[in-house]
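Student: Have a peek at start_23.pdb (PDB, C-alpha atoms).
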```pdb
ATOM      1  CA  MET U   1       0.000   0.000   0.000  1.00  0.00           C
ATOM      2  CA  GLN U   2       1.407   3.384  -1.002  1.00  0.00           C
ATOM      3  CA  HIS U   3       1.488   6.103   1.587  1.00  0.00           C
ATOM      4  CA  GLU U   4       0.521   9.762   1.099  1.00  0.00           C
ATOM      5  CA  GLY U   5       4.144  10.843   0.634  1.00  0.00           C
ATOM      6  CA  ALA U   6       4.522   8.639  -2.460  1.00  0.00           C
ATOM      7  CA  PHE U   7       1.506  10.304  -4.079  1.00  0.00           C
ATOM      8  CA  ILE U   8       2.815  13.765  -3.225  1.00  0.00           C
ATOM      9  CA  ASN U   9       6.236  12.990  -4.698  1.00  0.00           C
ATOM     10  CA  ALA U  10       4.645  11.631  -7.883  1.00  0.00           C
ATOM     11  CA  GLU U  11       2.514  14.747  -8.201  1.00  0.00           C
ATOM     12  CA  GLU U  12       5.522  17.001  -7.678  1.00  0.00           C
ATOM     13  CA  ASP U  13       7.431  14.968 -10.279  1.00  0.00           C
ATOM     14  CA  LEU U  14       4.606  15.552 -12.781  1.00  0.00           C
ATOM     15  CA  ALA U  15       4.459  19.250 -11.913  1.00  0.00           C
ATOM     16  CA  ALA U  16       8.234  19.618 -12.341  1.00  0.00           C
ATOM     17  CA  MET U  17       8.144  17.788 -15.672  1.00  0.00           C
ATOM     18  CA  PHE U  18       5.308  20.026 -16.893  1.00  0.00           C
ATOM     19  CA  LEU U  19       7.146  23.191 -15.861  1.00  0.00           C
ATOM     20  CA  ARG U  20      10.368  22.035 -17.544  1.00  0.00           C
ATOM     21  CA  LEU U  21       8.425  21.389 -20.758  1.00  0.00           C
ATOM     22  CA  THR U  22       7.220  25.003 -20.668  1.00  0.00           C
ATOM     23  CA  GLY U  23      10.835  26.179 -20.474  1.00  0.00           C
ATOM     24  CA  VAL U  24      11.019  26.837 -16.742  1.00  0.00           C
ATOM     25  CA  VAL U  25      14.166  25.880 -14.807  1.00  0.00           C
ATOM     26  CA  ILE U  26      13.660  24.063 -11.500  1.00  0.00           C
ATOM     27  CA  VAL U  27      15.985  25.781  -9.016  1.00  0.00           C
ATOM     28  CA  ALA U  28      14.997  23.765  -5.928  1.00  0.00           C
ATOM     29  CA  ARG U  29      12.447  21.170  -4.804  1.00  0.00           C
ATOM     30  CA  ASN U  30      10.960  20.722  -1.360  1.00  0.00           C
ATOM     31  CA  THR U  31      13.218  23.314   0.130  1.00  0.00           C
ATOM     32  CA  ARG U  32      12.852  25.289   3.304  1.00  0.00           C
ATOM     33  CA  ASN U  33      14.192  28.709   2.467  1.00  0.00           C
ATOM     34  CA  TYR U  34      13.248  32.217   3.426  1.00  0.00           C
ATOM     35  CA  GLY U  35      10.879  30.999   6.145  1.00  0.00           C
ATOM     36  CA  ALA U  36       8.655  28.712   4.070  1.00  0.00           C
ATOM     37  CA  GLU U  37       8.536  25.221   2.644  1.00  0.00           C
ATOM     38  CA  ILE U  38       8.602  25.653  -1.115  1.00  0.00           C
ATOM     39  CA  ASP U  39       7.444  22.697  -3.223  1.00  0.00           C
ATOM     40  CA  LEU U  40       9.089  23.999  -6.411  1.00  0.00           C
ATOM     41  CA  LEU U  41      11.232  27.102  -6.716  1.00  0.00           C
ATOM     42  CA  CYS U  42      11.627  27.873 -10.402  1.00  0.00           C
ATOM     43  CA  ARG U  43      13.088  30.478 -12.718  1.00  0.00           C
ATOM     44  CA  ASP U  44      11.657  31.462 -16.078  1.00  0.00           C
ATOM     45  CA  ASP U  45      14.633  32.714 -18.080  1.00  0.00           C
ATOM     46  CA  ARG U  46      12.361  34.160 -20.781  1.00  0.00           C
ATOM     47  CA  THR U  47      10.734  36.579 -18.343  1.00  0.00           C
ATOM     48  CA  ASN U  48      13.464  36.621 -15.647  1.00  0.00           C
ATOM     49  CA  GLU U  49      10.792  35.736 -13.081  1.00  0.00           C
ATOM     50  CA  TYR U  50      11.078  33.447 -10.103  1.00  0.00           C
ATOM     51  CA  LEU U  51       8.097  31.182  -9.463  1.00  0.00           C
ATOM     52  CA  PHE U  52       7.260  29.952  -5.969  1.00  0.00           C
ATOM     53  CA  CYS U  53       5.061  26.959  -6.779  1.00  0.00           C
ATOM     54  CA  GLU U  54       2.754  25.140  -4.398  1.00  0.00           C
ATOM     55  CA  VAL U  55       1.750  21.740  -5.819  1.00  0.00           C
ATOM     56  CA  LYS U  56      -1.757  20.506  -5.029  1.00  0.00           C
ATOM     57  CA  ARG U  57      -3.767  17.477  -6.063  1.00  0.00           C
ATOM     58  CA  ARG U  58      -6.931  18.322  -7.945  1.00  0.00           C
ATOM     59  CA  ARG U  59      -9.865  16.825  -6.090  1.00  0.00           C
ATOM     60  CA  HIS U  60     -12.926  15.380  -7.768  1.00  0.00           C
ATOM     61  CA  GLY U  61     -16.453  15.588  -6.488  1.00  0.00           C
ATOM     62  CA  ALA U  62     -19.503  17.795  -6.283  1.00  0.00           C
ATOM     63  CA  SER U  63     -17.771  20.836  -4.845  1.00  0.00           C
ATOM     64  CA  THR U  64     -14.557  20.777  -6.840  1.00  0.00           C
ATOM     65  CA  GLY U  65     -12.847  23.972  -7.753  1.00  0.00           C
ATOM     66  CA  TYR U  66      -9.457  25.424  -7.171  1.00  0.00           C
ATOM     67  CA  PRO U  67      -7.917  24.517  -3.833  1.00  0.00           C
ATOM     68  CA  VAL U  68      -7.511  27.455  -1.526  1.00  0.00           C
ATOM     69  CA  LEU U  69      -4.161  28.205   0.024  1.00  0.00           C
ATOM     70  CA  PRO U  70      -4.672  28.931   3.708  1.00  0.00           C
ATOM     71  CA  ARG U  71      -3.948  32.545   4.658  1.00  0.00           C
ATOM     72  CA  ALA U  72      -0.975  31.531   6.824  1.00  0.00           C
ATOM     73  CA  GLN U  73       0.575  29.663   3.902  1.00  0.00           C
ATOM     74  CA  GLN U  74      -0.016  32.630   1.600  1.00  0.00           C
ATOM     75  CA  LEU U  75       1.815  34.890   4.062  1.00  0.00           C
ATOM     76  CA  ARG U  76       4.724  32.430   4.411  1.00  0.00           C
ATOM     77  CA  LEU U  77       5.131  32.224   0.614  1.00  0.00           C
ATOM     78  CA  LYS U  78       4.905  35.991   0.311  1.00  0.00           C
ATOM     79  CA  ASP U  79       7.542  36.418   3.041  1.00  0.00           C
ATOM     80  CA  ALA U  80       9.724  33.821   1.285  1.00  0.00           C
ATOM     81  CA  ALA U  81       9.494  35.793  -1.959  1.00  0.00           C
ATOM     82  CA  LEU U  82      10.520  38.950  -0.112  1.00  0.00           C
ATOM     83  CA  GLY U  83      13.391  36.984   1.472  1.00  0.00           C
ATOM     84  CA  LEU U  84      14.646  35.931  -1.959  1.00  0.00           C
ATOM     85  CA  ILE U  85      14.579  39.544  -3.135  1.00  0.00           C
ATOM     86  CA  ALA U  86      16.407  40.709   0.005  1.00  0.00           C
ATOM     87  CA  ALA U  87      19.062  37.991  -0.378  1.00  0.00           C
ATOM     88  CA  ALA U  88      19.635  39.006  -4.000  1.00  0.00           C
ATOM     89  CA  GLY U  89      20.105  42.634  -2.975  1.00  0.00           C
ATOM     90  CA  LYS U  90      18.059  43.790  -5.939  1.00  0.00           C
ATOM     91  CA  PHE U  91      14.532  43.646  -7.223  1.00  0.00           C
ATOM     92  CA  LEU U  92      13.550  40.299  -8.693  1.00  0.00           C
ATOM     93  CA  PRO U  93      10.200  39.687 -10.340  1.00  0.00           C
ATOM     94  CA  VAL U  94       8.479  36.937  -8.350  1.00  0.00           C
ATOM     95  CA  ARG U  95       5.190  35.110  -8.823  1.00  0.00           C
ATOM     96  CA  ILE U  96       3.454  32.845  -6.361  1.00  0.00           C
ATOM     97  CA  CYS U  97       1.778  30.014  -8.227  1.00  0.00           C
ATOM     98  CA  LEU U  98      -0.408  27.000  -7.725  1.00  0.00           C
ATOM     99  CA  VAL U  99       0.245  23.879  -9.784  1.00  0.00           C
ATOM    100  CA  LEU U 100      -2.757  21.547  -9.904  1.00  0.00           C
ATOM    101  CA  VAL U 101      -2.044  17.917 -10.732  1.00  0.00           C
ATOM    102  CA  ASP U 102      -4.783  15.508 -11.756  1.00  0.00           C
ATOM    103  CA  LYS U 103      -3.271  12.057 -12.053  1.00  0.00           C
ATOM    104  CA  ARG U 104      -6.587  10.506 -13.037  1.00  0.00           C
ATOM    105  CA  LEU U 105      -6.978  12.824 -16.038  1.00  0.00           C
ATOM    106  CA  ARG U 106      -3.215  13.089 -16.537  1.00  0.00           C
ATOM    107  CA  SER U 107      -3.317  16.867 -16.526  1.00  0.00           C
ATOM    108  CA  VAL U 108      -1.329  19.668 -14.946  1.00  0.00           C
ATOM    109  CA  GLU U 109      -2.457  23.275 -14.686  1.00  0.00           C
ATOM    110  CA  LEU U 110      -0.355  26.294 -13.688  1.00  0.00           C
ATOM    111  CA  ILE U 111      -2.224  29.116 -11.987  1.00  0.00           C
ATOM    112  CA  THR U 112      -0.092  32.203 -11.478  1.00  0.00           C
ATOM    113  CA  ASP U 113      -0.438  35.073  -9.024  1.00  0.00           C
ATOM    114  CA  VAL U 114      -2.486  33.264  -6.391  1.00  0.00           C
ATOM    115  CA  VAL U 115      -1.293  35.644  -3.663  1.00  0.00           C
TER     116      VAL U 115
END
```
Will you turn the file into structure tokens for me?

Tutor:
Amino acid sequence: MQHEGAFINAEEDLAAMFLRLTGVVIVARNTRNYGAEIDLLCRDDRTNEYLFCEVKRRRHGASTGYPVLPRAQQLRLKDAALGLIAAAGKFLPVRICLVLVDKRLRSVELITDVV
């Protein structure tokens, strides 16, 4: 029997693969930097943006929609983005994103600017 962690890793693998196919560079995975756990920290060299990506499983059922990031998690990701900018010593364009993975439908969706 697979445990929850195996599903999460598989979903993050799919999300990382999807992002790479769109031309995004994965800088770090499952890292604790700048005061937050970051599922995928990415850089888009075409736009010079950093993407702080939270990977979530798309749920199926009567009340499906986009998962909501709890307010505390939003604030941690926002603080992490500010920490990255401070560490760089210069302004960096940063986006906080949600990556929805649906293994059943074999789909991945990137939603930008969720915070």

Student: Might you pull out every residue within 7 Å of range 7-16 of chain U, with only C-alpha atoms counted and same-chain residues fewer than 5 positions away left off, and present them as a ChimeraX atom specification?

Tutor: /U:55,99,101,108

Student: Only C-alpha atoms, please: the residues just picked out, written as a PDB file, in the coordinates of the input.

Tutor:
```pdb
ATOM      1  CA  VAL U  55       1.750  21.740  -5.819  1.00  0.00           C
ATOM      2  CA  VAL U  99       0.245  23.879  -9.784  1.00  0.00           C
ATOM      3  CA  VAL U 101      -2.044  17.917 -10.732  1.00  0.00           C
ATOM      4  CA  VAL U 108      -1.329  19.668 -14.946  1.00  0.00           C
TER       5      VAL U 108
END
```

Student: Which residues, written as a PyMOL selection string, have at least one atom at most 8 Å from Leu92 in chain U, with all atoms listed in the file counted and residues fewer than 4 positions away on the same chain left out?

Tutor: chain U and resi 48-50+85+88

Student: Dump C-alpha atoms for the selected residues as a compact mmCIF listing (two decimals), in the frame of the given file?

Tutor:
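Okay, part_29.txt is ready:
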```txt
# COMPACT_ATOMS: atom_id res chain seq x y z
CA ASN U 48 13.46 36.62 -15.65
CA GLU U 49 10.79 35.74 -13.08
CA TYR U 50 11.08 33.45 -10.10
CA ILE U 85 14.58 39.54 -3.14
CA ALA U 88 19.64 39.01 -4.00
```

Student: Please evaluate the PyMOL selection byres ((chain U and resi 45) around 8) against the displayed coordinates and give the resulting residues as a ChimeraX atom specification.

Tutor: /U:23-25,43-44,46-49

Student: Could you please determine the separation between CA of Ile96 in chain U and CA of Asp113 in chain U in Å, to one decimal place?

Tutor: 5.2 Å

Student: Run through the PyMOL selection byres ((chain U and resi 112) around 7) on the given coordinates and return the selected residues as a tab-separated table (two decimals) with C-alpha atoms, in the frame of the given file.

Tutor:
```tsv
chain	number	residue	atom	x	y	z
U	95	ARG	CA	5.19	35.11	-8.82
U	96	ILE	CA	3.45	32.84	-6.36
U	97	CYS	CA	1.78	30.01	-8.23
U	98	LEU	CA	-0.41	27.00	-7.72
U	110	LEU	CA	-0.36	26.29	-13.69
U	111	ILE	CA	-2.22	29.12	-11.99
U	113	ASP	CA	-0.44	35.07	-9.02
U	114	VAL	CA	-2.49	33.26	-6.39
```

Student: Report, in Å with one decimal, the straight-line distance from CA of Val68 in chain U to CA of Ala81 in chain U.

Tutor: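 If I compute the distance from CA of Val68 in chain U to CA of Ala81 in chain U, I get 18.9 Å.
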
Student: Measuring atom to atom with all atoms listed in the file, identify which of U:Lys56, U:Ala80, U:Leu69, U:Met17 is nearest to Asn33 in chain U.

Tutor: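 The answer is U:Ala80, which sits nearest to Asn33 in chain U.
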
Student: Hey, which of U:Ile26, U:Cys42, U:Arg59, U:Phe52 ends up closest to Gly83 in chain U? Count only C-alpha atoms.

Tutor: U:Phe52

Student: Could you tell me which residues the PyMOL selection byres ((chain U and resi 30) around 9) grabs in this file, written as a list in words?

Tutor: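 Taken on the displayed file, the PyMOL selection byres ((chain U and resi 30) around 9) yields the residues Ala28, Arg29, Thr31, Arg32, Glu37, Ile38, Asp39, Leu40 and Leu41 of chain U.
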
Student: Take CA of Gln74 in chain U and CA of Val115 in chain U and report the distance between them in Å, one decimal.

Tutor: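 Interatomic distance, CA of Gln74 in chain U to CA of Val115 in chain U: 6.2 Å.
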
Student: Enclose the full set of atoms of range 31-40 of chain U listed in the file within a box whose edges lie along x, y and z, apply 5 Å of padding to each of the six sides, and report centre and edge lengths in Å to one decimal as AutoDock Vina command-line options.

Tutor:
```
--center_x 10.8 --center_y 27.5 --center_z -0.1 --size_x 16.7 --size_y 19.5 --size_z 22.6
```

Student: Return the single residue from U:Val27, U:Lys90, U:Leu77, U:Arg57 that is closest to Asp102 in chain U, with distances computed using only C-alpha atoms.

Tutor: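 Closest residue, counting only C-alpha atoms: U:Arg57.
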
Student: Smallest atom-to-atom distance to Glu54 in chain U: which of U:Ala72, U:Leu100, U:Leu19, U:Leu105, using all atoms listed in the file?

Tutor: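 Smallest separation from Glu54 in chain U among the options: U:Leu100.
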